[in-house]
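Participant: My questions will all concern the structure given below.
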Amino acid sequence: YRGYNVYDLIHGLEQENRFGFEEIGYLLMCGKLPSRRQLAEFQHTIGLERALPDNFTEDMIMRAPSRDIMNKLASATLALYSYDANPDETTVENIMRQGISLMAKFPVIISHAYQAKRRYFDNDSMFLHVPDPNRSTAENILHLIRPTGEFNDDEAKLLDRCLILHAEHGGGNNSSFTVRVTSSSGTDTYSAISAAIGSLKGPKHGGANHKVMEMLGYIMEGVKDHSDDTEIAAFLRRILRKEAGDGSGLIYGMGHAVYTKSDPRAVILRRNAEHLAVEKGFEDEFRVLCAVERLGPDAVREVKGTKDVCANVDLFSGLIYNMLGISEDIYTPLFAIARVPGWCAHRVEEVIFANRIIRPAYKYLGVRQKYKPIEER
């Protein structure tokens with residue numbers, strides 16, 4: 001992140017026992033770590049921006065609820081364009097203003113969209129909490145989505161670390177590249193971020209942690225002894241051969257386009273998740289995922305004959321959200337909340353420094369044909 005090792009950033013926050021997502025957001029968007037005064041001003045601004053426009057929830061969320069929270073988040077993001085007095089200006093100052101506003105509002109939009117989904121599609125009770133401008137993003141998320149609005153500090157700090165680790169991953173990942181492509185055309189911030197949300201929704205990108213939890217269910221059911229590495233390894237080979245799991249032949253949470261030896265995000269999440277697994281009674285599930293991390297690479301090499309692979313960030317994030325009592329409906333939307341500062345940093349960089357439309361060249365590889373009158377076809 002802007003030249004800082006993510007291990008060092010997380011370690012510093014843990015040493016000082018602080019929430020850090022807002023600070024990392026400042027780093028990504030502004031290019032440097034904030035002073036105490038700058039951080040306080042940034043947090044204050046985010047707090048003020050959390051409130052949605054008047055009647056926004058009623059008009060834009062409740063009147064057209066969605067089964068998928070990511071789709072509602074995308075449409076709500078586009079709708080915010082109409083409430084912005086200066087939506088199209090592409091100066092650094094204006095993009096930053098809009099980015100901070102979206103960073104603040106996403107948790108509220110997602111929680112309200114989730115409640116609407118519960119009410120209209122799950123026939124369940126709906127509850128809406130008011131965001132607290134004085135709390136961190138992680139605290140607000142737990143406050144907004146839980147029926148009682150209650151949580152403890154350890155839970156919020158763990159969620160905060162998840163947000164930090166998902167905040168950015170270079171410009172080559174699909175959603176960040178989507179931001180760059182759309183931004184290069186000169187479009188507005190709301191359109192660019194909405195397009196990125198659409199990209200992130202895909203199960204090959206932001207939806208992967210949901211698939212990990214589905215796979216974990218298959219393993220827990222299909223393996224009799226969850227402490228037996230031999231049995232787990234055999235089941236993983238069955239998954240790879242499309243004989244078990246969802247039939248895709250994929251071990252979800254394993255493999256990455258960049259990392260082959262170790263994904264630092266997975267290492268940090270595993271370390272932070274262990275104590276919560278013990279506390280919440282998820283030790284068995286946690287041990288199985290650790291076994292997948294340990295045994296998966298050999299299984300992939302044996303069955304697929306491919307290069308080295310390692311666990312990625314998705315292997316443990318889904319279990320963490322589950323242990324925090326977070327519905328799977330919100331797994332990928334949480335990823336979107338985390339990615340806003342990274343997306344905005346890429347947008348600023350593309351608009352200000354590149355200033356040239358991204359237009360890949362494609363070559364037609366089909367057969368050249370001559371036109372035939374319709375009577376001869």
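Identifiers in the structure tokens: chain A, B, ... in order shown; residue index from 1 per chain; ligand index from 1 in order shown.
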Tell me which protein, DNA and RNA residues are within 7 Å of Asn174 in chain A, counting only C-alpha atoms, leaving out same-chain ones fewer than 3 positions away, and put them as a compact mmCIF listing (two decimals) with C-alpha atoms, in the first residue's frame.

Facilitator:
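Result written to out-v9.txt:
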```
# COMPACT_ATOMS: atom_id res chain seq x y z
CA PHE A 177 -9.18 -2.27 -13.84
CA THR A 178 -12.89 -1.68 -14.48
CA SER A 199 -17.27 -6.58 -11.63
```

Participant: Set the distance at 12 Å and use only C-alpha atoms: which residues neighbour Thr230 in chain A once local chain neighbours fewer than 2 positions away are removed? I'd like the list as a list of chain:residue names.

Facilitator: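 The filter keeps A:Val223, A:Lys224, A:Asp225, A:His226, A:Ser227, A:Asp228, A:Ile232, A:Ala233, A:Ala234, A:Phe235, A:Leu236, A:Arg237, A:Ala291, A:Val292, A:Arg294, A:Leu295, A:Gly296, A:Asp298, A:Ala299.
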
Participant: Just to be explicit: take each residue in the selection above, keep N, CA, C and O atoms, and write the result as a compact mmCIF listing (two decimals), in the first residue's frame.

Facilitator:
```txt
# COMPACT_ATOMS: atom_id res chain seq x y z
N VAL A 223 -16.19 -35.63 4.86
CA VAL A 223 -15.03 -36.18 5.57
C VAL A 223 -15.47 -36.59 6.97
O VAL A 223 -15.98 -35.77 7.74
N LYS A 224 -15.28 -37.85 7.31
CA LYS A 224 -15.73 -38.34 8.61
C LYS A 224 -14.88 -37.81 9.76
O LYS A 224 -15.39 -37.37 10.78
N ASP A 225 -13.54 -37.87 9.59
CA ASP A 225 -12.63 -37.44 10.65
C ASP A 225 -11.98 -36.13 10.22
O ASP A 225 -11.09 -36.11 9.36
N HIS A 226 -12.42 -35.02 10.80
CA HIS A 226 -11.93 -33.70 10.39
C HIS A 226 -10.50 -33.42 10.83
O HIS A 226 -9.93 -32.39 10.47
N SER A 227 -9.93 -34.34 11.60
CA SER A 227 -8.53 -34.18 12.02
C SER A 227 -7.59 -35.07 11.22
O SER A 227 -6.39 -35.08 11.46
N ASP A 228 -8.15 -35.81 10.26
CA ASP A 228 -7.36 -36.77 9.47
C ASP A 228 -6.91 -36.11 8.16
O ASP A 228 -7.70 -35.95 7.23
N ILE A 232 -8.83 -35.79 4.40
CA ILE A 232 -9.10 -34.47 3.83
C ILE A 232 -8.40 -34.32 2.48
O ILE A 232 -8.98 -33.82 1.51
N ALA A 233 -7.15 -34.75 2.40
CA ALA A 233 -6.40 -34.66 1.14
C ALA A 233 -7.09 -35.47 0.04
O ALA A 233 -7.16 -35.04 -1.12
N ALA A 234 -7.61 -36.65 0.40
CA ALA A 234 -8.31 -37.47 -0.58
C ALA A 234 -9.57 -36.77 -1.08
O ALA A 234 -9.91 -36.83 -2.27
N PHE A 235 -10.27 -36.09 -0.18
CA PHE A 235 -11.49 -35.37 -0.57
C PHE A 235 -11.14 -34.19 -1.47
O PHE A 235 -11.87 -33.88 -2.43
N LEU A 236 -10.03 -33.50 -1.19
CA LEU A 236 -9.60 -32.39 -2.04
C LEU A 236 -9.28 -32.88 -3.45
O LEU A 236 -9.59 -32.20 -4.44
N ARG A 237 -8.67 -34.05 -3.54
CA ARG A 237 -8.39 -34.61 -4.86
C ARG A 237 -9.69 -34.94 -5.59
O ARG A 237 -9.79 -34.77 -6.81
N ALA A 291 -6.24 -27.10 7.21
CA ALA A 291 -5.82 -28.31 6.51
C ALA A 291 -5.90 -28.11 4.99
O ALA A 291 -5.02 -28.57 4.25
N VAL A 292 -6.93 -27.40 4.54
CA VAL A 292 -7.04 -27.09 3.10
C VAL A 292 -5.86 -26.24 2.66
O VAL A 292 -5.26 -26.48 1.61
N ARG A 294 -2.93 -26.20 4.00
CA ARG A 294 -1.71 -26.99 4.10
C ARG A 294 -1.64 -28.07 3.02
O ARG A 294 -0.56 -28.33 2.45
N LEU A 295 -2.77 -28.72 2.74
CA LEU A 295 -2.79 -29.88 1.85
C LEU A 295 -3.17 -29.54 0.41
O LEU A 295 -2.87 -30.32 -0.51
N GLY A 296 -3.82 -28.39 0.23
CA GLY A 296 -4.30 -28.02 -1.10
C GLY A 296 -3.22 -27.94 -2.16
O GLY A 296 -3.42 -28.46 -3.28
N ASP A 298 -0.37 -29.50 -2.62
CA ASP A 298 0.08 -30.82 -3.09
C ASP A 298 -1.02 -31.49 -3.92
O ASP A 298 -0.73 -32.14 -4.93
N ALA A 299 -2.26 -31.33 -3.50
CA ALA A 299 -3.37 -31.93 -4.24
C ALA A 299 -3.49 -31.33 -5.63
O ALA A 299 -3.70 -32.05 -6.62
```

Participant: Where does range 157-208 of chain A meet range 347-355 of chain A within 8 Å, residue by residue, with the nearest atom pair and distance in Å to one decimal for each, counting only C-alpha atoms, listed by chain and rising number, as a Markdown table?

Facilitator:
```
| residue | atom | partner | partner_atom | distance |
| --- | --- | --- | --- | --- |
| A:Val179 | CA | A:Arg347 | CA | 6.2 |
| A:Arg180 | CA | A:Arg347 | CA | 5.9 |
| A:Ser183 | CA | A:Arg347 | CA | 6.0 |
| A:Ser184 | CA | A:Val351 | CA | 6.2 |
| A:Gly186 | CA | A:Val351 | CA | 7.4 |
```

Participant: Keeping only N, CA and C atoms, write those residues as a PDB file, in the first residue's frame.

Facilitator:
```
ATOM      1  N   VAL A 179     -12.578   0.199 -12.969  1.00  0.00           N
ATOM      2  CA  VAL A 179     -12.565   1.622 -12.610  1.00  0.00           C
ATOM      3  C   VAL A 179     -11.667   2.403 -13.558  1.00  0.00           C
ATOM      4  N   ARG A 180     -10.507   1.842 -13.852  1.00  0.00           N
ATOM      5  CA  ARG A 180      -9.576   2.543 -14.743  1.00  0.00           C
ATOM      6  C   ARG A 180     -10.141   2.666 -16.164  1.00  0.00           C
ATOM      7  N   SER A 183     -13.074   5.150 -16.053  1.00  0.00           N
ATOM      8  CA  SER A 183     -12.574   6.495 -15.753  1.00  0.00           C
ATOM      9  C   SER A 183     -11.824   7.095 -16.929  1.00  0.00           C
ATOM     10  N   SER A 184     -11.157   6.240 -17.696  1.00  0.00           N
ATOM     11  CA  SER A 184     -10.379   6.745 -18.840  1.00  0.00           C
ATOM     12  C   SER A 184     -11.275   7.360 -19.911  1.00  0.00           C
ATOM     13  N   GLY A 186     -13.670   9.394 -19.243  1.00  0.00           N
ATOM     14  CA  GLY A 186     -14.106  10.701 -18.772  1.00  0.00           C
ATOM     15  C   GLY A 186     -15.426  10.681 -18.040  1.00  0.00           C
TER      16      GLY A 186
END
```

Participant: Which of these residues is nearest to Ala192 in chain A, using only C-alpha atoms: A:Cys344, A:Ile46, A:Ile239, A:Ala311?

Facilitator: A:Cys344

Participant: Given the choices A:Ile145, A:Met60, A:Val212, A:Ile10, which gets closest to Ser82 in chain A if the distance is worked out from only C-alpha atoms?

Facilitator: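 Using only C-alpha atoms, Ser82 in chain A sits closest to A:Met60.
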
Participant: Out of A:Ile268, A:Tyr26, A:His210, A:Pro333, which residue has the shortest atom-to-atom distance to Pro107 in chain A when counting only C-alpha atoms?

Facilitator: A:Pro333

Participant: Quick one, how far is CA of Ile109 in chain A from CA of Leu144 in chain A?

Facilitator: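 One can read the CA of Ile109 in chain A to CA of Leu144 in chain A distance as 10.0 Å.
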
Participant: If we count only C-alpha atoms, what is near range 114-121 of chain A at a cut-off of 6 Å, once residues fewer than 5 positions away on the same chain are taken out, given as a ChimeraX atom specification?

Facilitator: /A:62,65,67,126

Participant: Could the residues in this selection be written to a file with C-alpha atoms, as an mmCIF file, in the first residue's frame?

Facilitator:
```
data_model
loop_
_atom_site.group_PDB
_atom_site.id
_atom_site.type_symbol
_atom_site.label_atom_id
_atom_site.label_comp_id
_atom_site.auth_asym_id
_atom_site.auth_seq_id
_atom_site.Cartn_x
_atom_site.Cartn_y
_atom_site.Cartn_z
ATOM 1 C CA MET A 62 -37.304 0.117 -0.162
ATOM 2 C CA PRO A 65 -35.665 -4.122 -3.098
ATOM 3 C CA ARG A 67 -32.486 -10.260 -3.906
ATOM 4 C CA MET A 126 -36.657 -5.650 9.242
#
```

Participant: I need the residues in range 137-263 of chain A that are alpha helix (DSSP H) according to DSSP; give them as a PyMOL selection string.

Facilitator: chain A and resi 137-145+153-166+174-184+189-201+208-222+229-240

Participant: In terms of the shortest atom-to-atom distance over only C-alpha atoms, which of A:Leu200, A:Val92, A:Ile141, A:Ile337 is closest to Asn71 in chain A?

Facilitator: A:Leu200

Participant: Out of A:Glu168, A:Glu93, A:Glu14, A:Asp154, which residue has the shortest atom-to-atom distance to His346 in chain A when counting only C-alpha atoms?

Facilitator: A:Glu168

Participant: Return the single residue from A:His275, A:His129, A:Arg63, A:Arg135 that is closest to Gly47 in chain A, with distances computed using only C-alpha atoms.

Facilitator: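 Of A:His275, A:His129, A:Arg63, A:Arg135, the one nearest Gly47 in chain A, counting only C-alpha atoms, is A:Arg135.
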
Participant: May I have a table of the residues of range 77-185 of chain A lying at most 8 Å from range 38-45 of chain A, giving each one's closest pair of atoms and their distance in Å to one decimal, counting only C-alpha atoms, ordered by chain and ascending residue number, as JSON lines?

Facilitator:
```
{"residue": "A:Ile100", "atom": "CA", "partner": "A:Thr45", "partner_atom": "CA", "distance": 7.9}
{"residue": "A:Pro133", "atom": "CA", "partner": "A:His44", "partner_atom": "CA", "distance": 7.4}
{"residue": "A:Asn134", "atom": "CA", "partner": "A:His44", "partner_atom": "CA", "distance": 7.5}
{"residue": "A:Ser136", "atom": "CA", "partner": "A:Gln43", "partner_atom": "CA", "distance": 7.9}
```

Participant: Could you dump the residues just selected with all heavy atoms as a tab-separated table (two decimals), in the first residue's frame?

Facilitator:
```tsv
chain	number	residue	atom	x	y	z
A	100	ILE	N	-14.82	9.97	-0.61
A	100	ILE	CA	-15.01	9.97	0.84
A	100	ILE	C	-16.49	9.77	1.17
A	100	ILE	O	-16.85	9.03	2.09
A	100	ILE	CB	-14.48	11.28	1.46
A	100	ILE	CG1	-12.96	11.33	1.34
A	100	ILE	CG2	-14.91	11.40	2.92
A	100	ILE	CD1	-12.36	12.68	1.70
A	133	PRO	N	-21.84	8.72	13.74
A	133	PRO	CA	-20.73	9.45	13.13
A	133	PRO	C	-19.43	9.39	13.92
A	133	PRO	O	-18.37	9.69	13.38
A	133	PRO	CB	-21.25	10.89	13.06
A	133	PRO	CG	-22.30	10.97	14.12
A	133	PRO	CD	-22.93	9.62	14.16
A	134	ASN	N	-19.50	8.97	15.16
A	134	ASN	CA	-18.31	8.94	16.01
A	134	ASN	C	-17.65	7.57	16.08
A	134	ASN	O	-16.63	7.40	16.74
A	134	ASN	CB	-18.67	9.41	17.43
A	134	ASN	CG	-19.16	10.83	17.45
A	134	ASN	OD1	-18.55	11.72	16.85
A	134	ASN	ND2	-20.29	11.06	18.10
A	136	SER	N	-16.08	3.98	14.14
A	136	SER	CA	-15.33	3.57	12.95
A	136	SER	C	-16.25	2.87	11.95
A	136	SER	O	-17.39	2.52	12.27
A	136	SER	CB	-14.18	2.64	13.34
A	136	SER	OG	-14.71	1.39	13.77
```

Participant: Tell me, as a PyMOL selection string, which residues lie within 12 Å of Ala85 in chain A, counting only C-alpha atoms; anything in the same chain fewer than 3 positions away does not count.

Facilitator: chain A and resi 80-82+88-89+94+97-98

Participant: Output all heavy atoms for every residue in that selection, as a compact mmCIF listing (two decimals), in the first residue's frame.

Facilitator:
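The resulting file, part04.txt, is shown below:
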```txt
# COMPACT_ATOMS: atom_id res chain seq x y z
N LEU A 80 -27.03 8.15 -6.39
CA LEU A 80 -26.41 9.25 -5.65
C LEU A 80 -25.94 10.37 -6.58
O LEU A 80 -25.77 11.51 -6.14
CB LEU A 80 -25.25 8.73 -4.81
CG LEU A 80 -25.64 7.92 -3.56
CD1 LEU A 80 -24.40 7.27 -2.94
CD2 LEU A 80 -26.34 8.81 -2.54
N TYR A 81 -25.73 10.05 -7.84
CA TYR A 81 -25.39 11.07 -8.84
C TYR A 81 -26.41 12.21 -8.81
O TYR A 81 -26.06 13.39 -8.90
CB TYR A 81 -25.32 10.43 -10.22
CG TYR A 81 -25.07 11.38 -11.37
CD1 TYR A 81 -23.79 11.53 -11.90
CD2 TYR A 81 -26.10 12.12 -11.94
CE1 TYR A 81 -23.55 12.40 -12.97
CE2 TYR A 81 -25.89 12.98 -13.00
CZ TYR A 81 -24.61 13.12 -13.52
OH TYR A 81 -24.39 13.98 -14.57
N SER A 82 -27.68 11.84 -8.68
CA SER A 82 -28.77 12.83 -8.74
C SER A 82 -28.78 13.76 -7.53
O SER A 82 -29.40 14.82 -7.57
CB SER A 82 -30.12 12.12 -8.86
OG SER A 82 -30.16 11.29 -10.00
N ASP A 88 -20.16 15.71 -12.21
CA ASP A 88 -19.36 15.35 -13.38
C ASP A 88 -17.94 15.90 -13.39
O ASP A 88 -17.12 15.46 -14.20
CB ASP A 88 -20.07 15.83 -14.65
CG ASP A 88 -21.32 15.02 -14.95
OD1 ASP A 88 -21.20 13.78 -15.05
OD2 ASP A 88 -22.40 15.60 -15.05
N GLU A 89 -17.63 16.83 -12.52
CA GLU A 89 -16.29 17.43 -12.53
C GLU A 89 -15.25 16.39 -12.15
O GLU A 89 -15.40 15.64 -11.18
CB GLU A 89 -16.23 18.61 -11.55
CG GLU A 89 -14.91 19.35 -11.57
CD GLU A 89 -14.90 20.51 -10.57
OE1 GLU A 89 -15.73 21.43 -10.74
OE2 GLU A 89 -14.10 20.46 -9.63
N ASN A 94 -12.70 17.07 -6.46
CA ASN A 94 -14.08 16.60 -6.57
C ASN A 94 -14.15 15.07 -6.49
O ASN A 94 -15.04 14.52 -5.84
CB ASN A 94 -14.71 17.08 -7.88
CG ASN A 94 -16.22 17.08 -7.81
OD1 ASN A 94 -16.81 17.60 -6.85
ND2 ASN A 94 -16.87 16.51 -8.81
N ARG A 97 -13.73 14.17 -2.88
CA ARG A 97 -14.96 14.46 -2.13
C ARG A 97 -15.98 13.34 -2.33
O ARG A 97 -16.58 12.85 -1.38
CB ARG A 97 -15.55 15.79 -2.59
CG ARG A 97 -16.92 16.13 -1.98
CD ARG A 97 -17.50 17.39 -2.59
NE ARG A 97 -17.81 17.24 -4.01
CZ ARG A 97 -18.91 16.65 -4.48
NH1 ARG A 97 -19.80 16.14 -3.64
NH2 ARG A 97 -19.11 16.57 -5.78
N GLN A 98 -16.15 12.95 -3.57
CA GLN A 98 -17.11 11.90 -3.88
C GLN A 98 -16.68 10.55 -3.30
O GLN A 98 -17.50 9.78 -2.79
CB GLN A 98 -17.28 11.80 -5.40
CG GLN A 98 -17.93 13.02 -6.02
CD GLN A 98 -17.81 13.06 -7.54
OE1 GLN A 98 -16.83 12.55 -8.11
NE2 GLN A 98 -18.79 13.65 -8.20
```
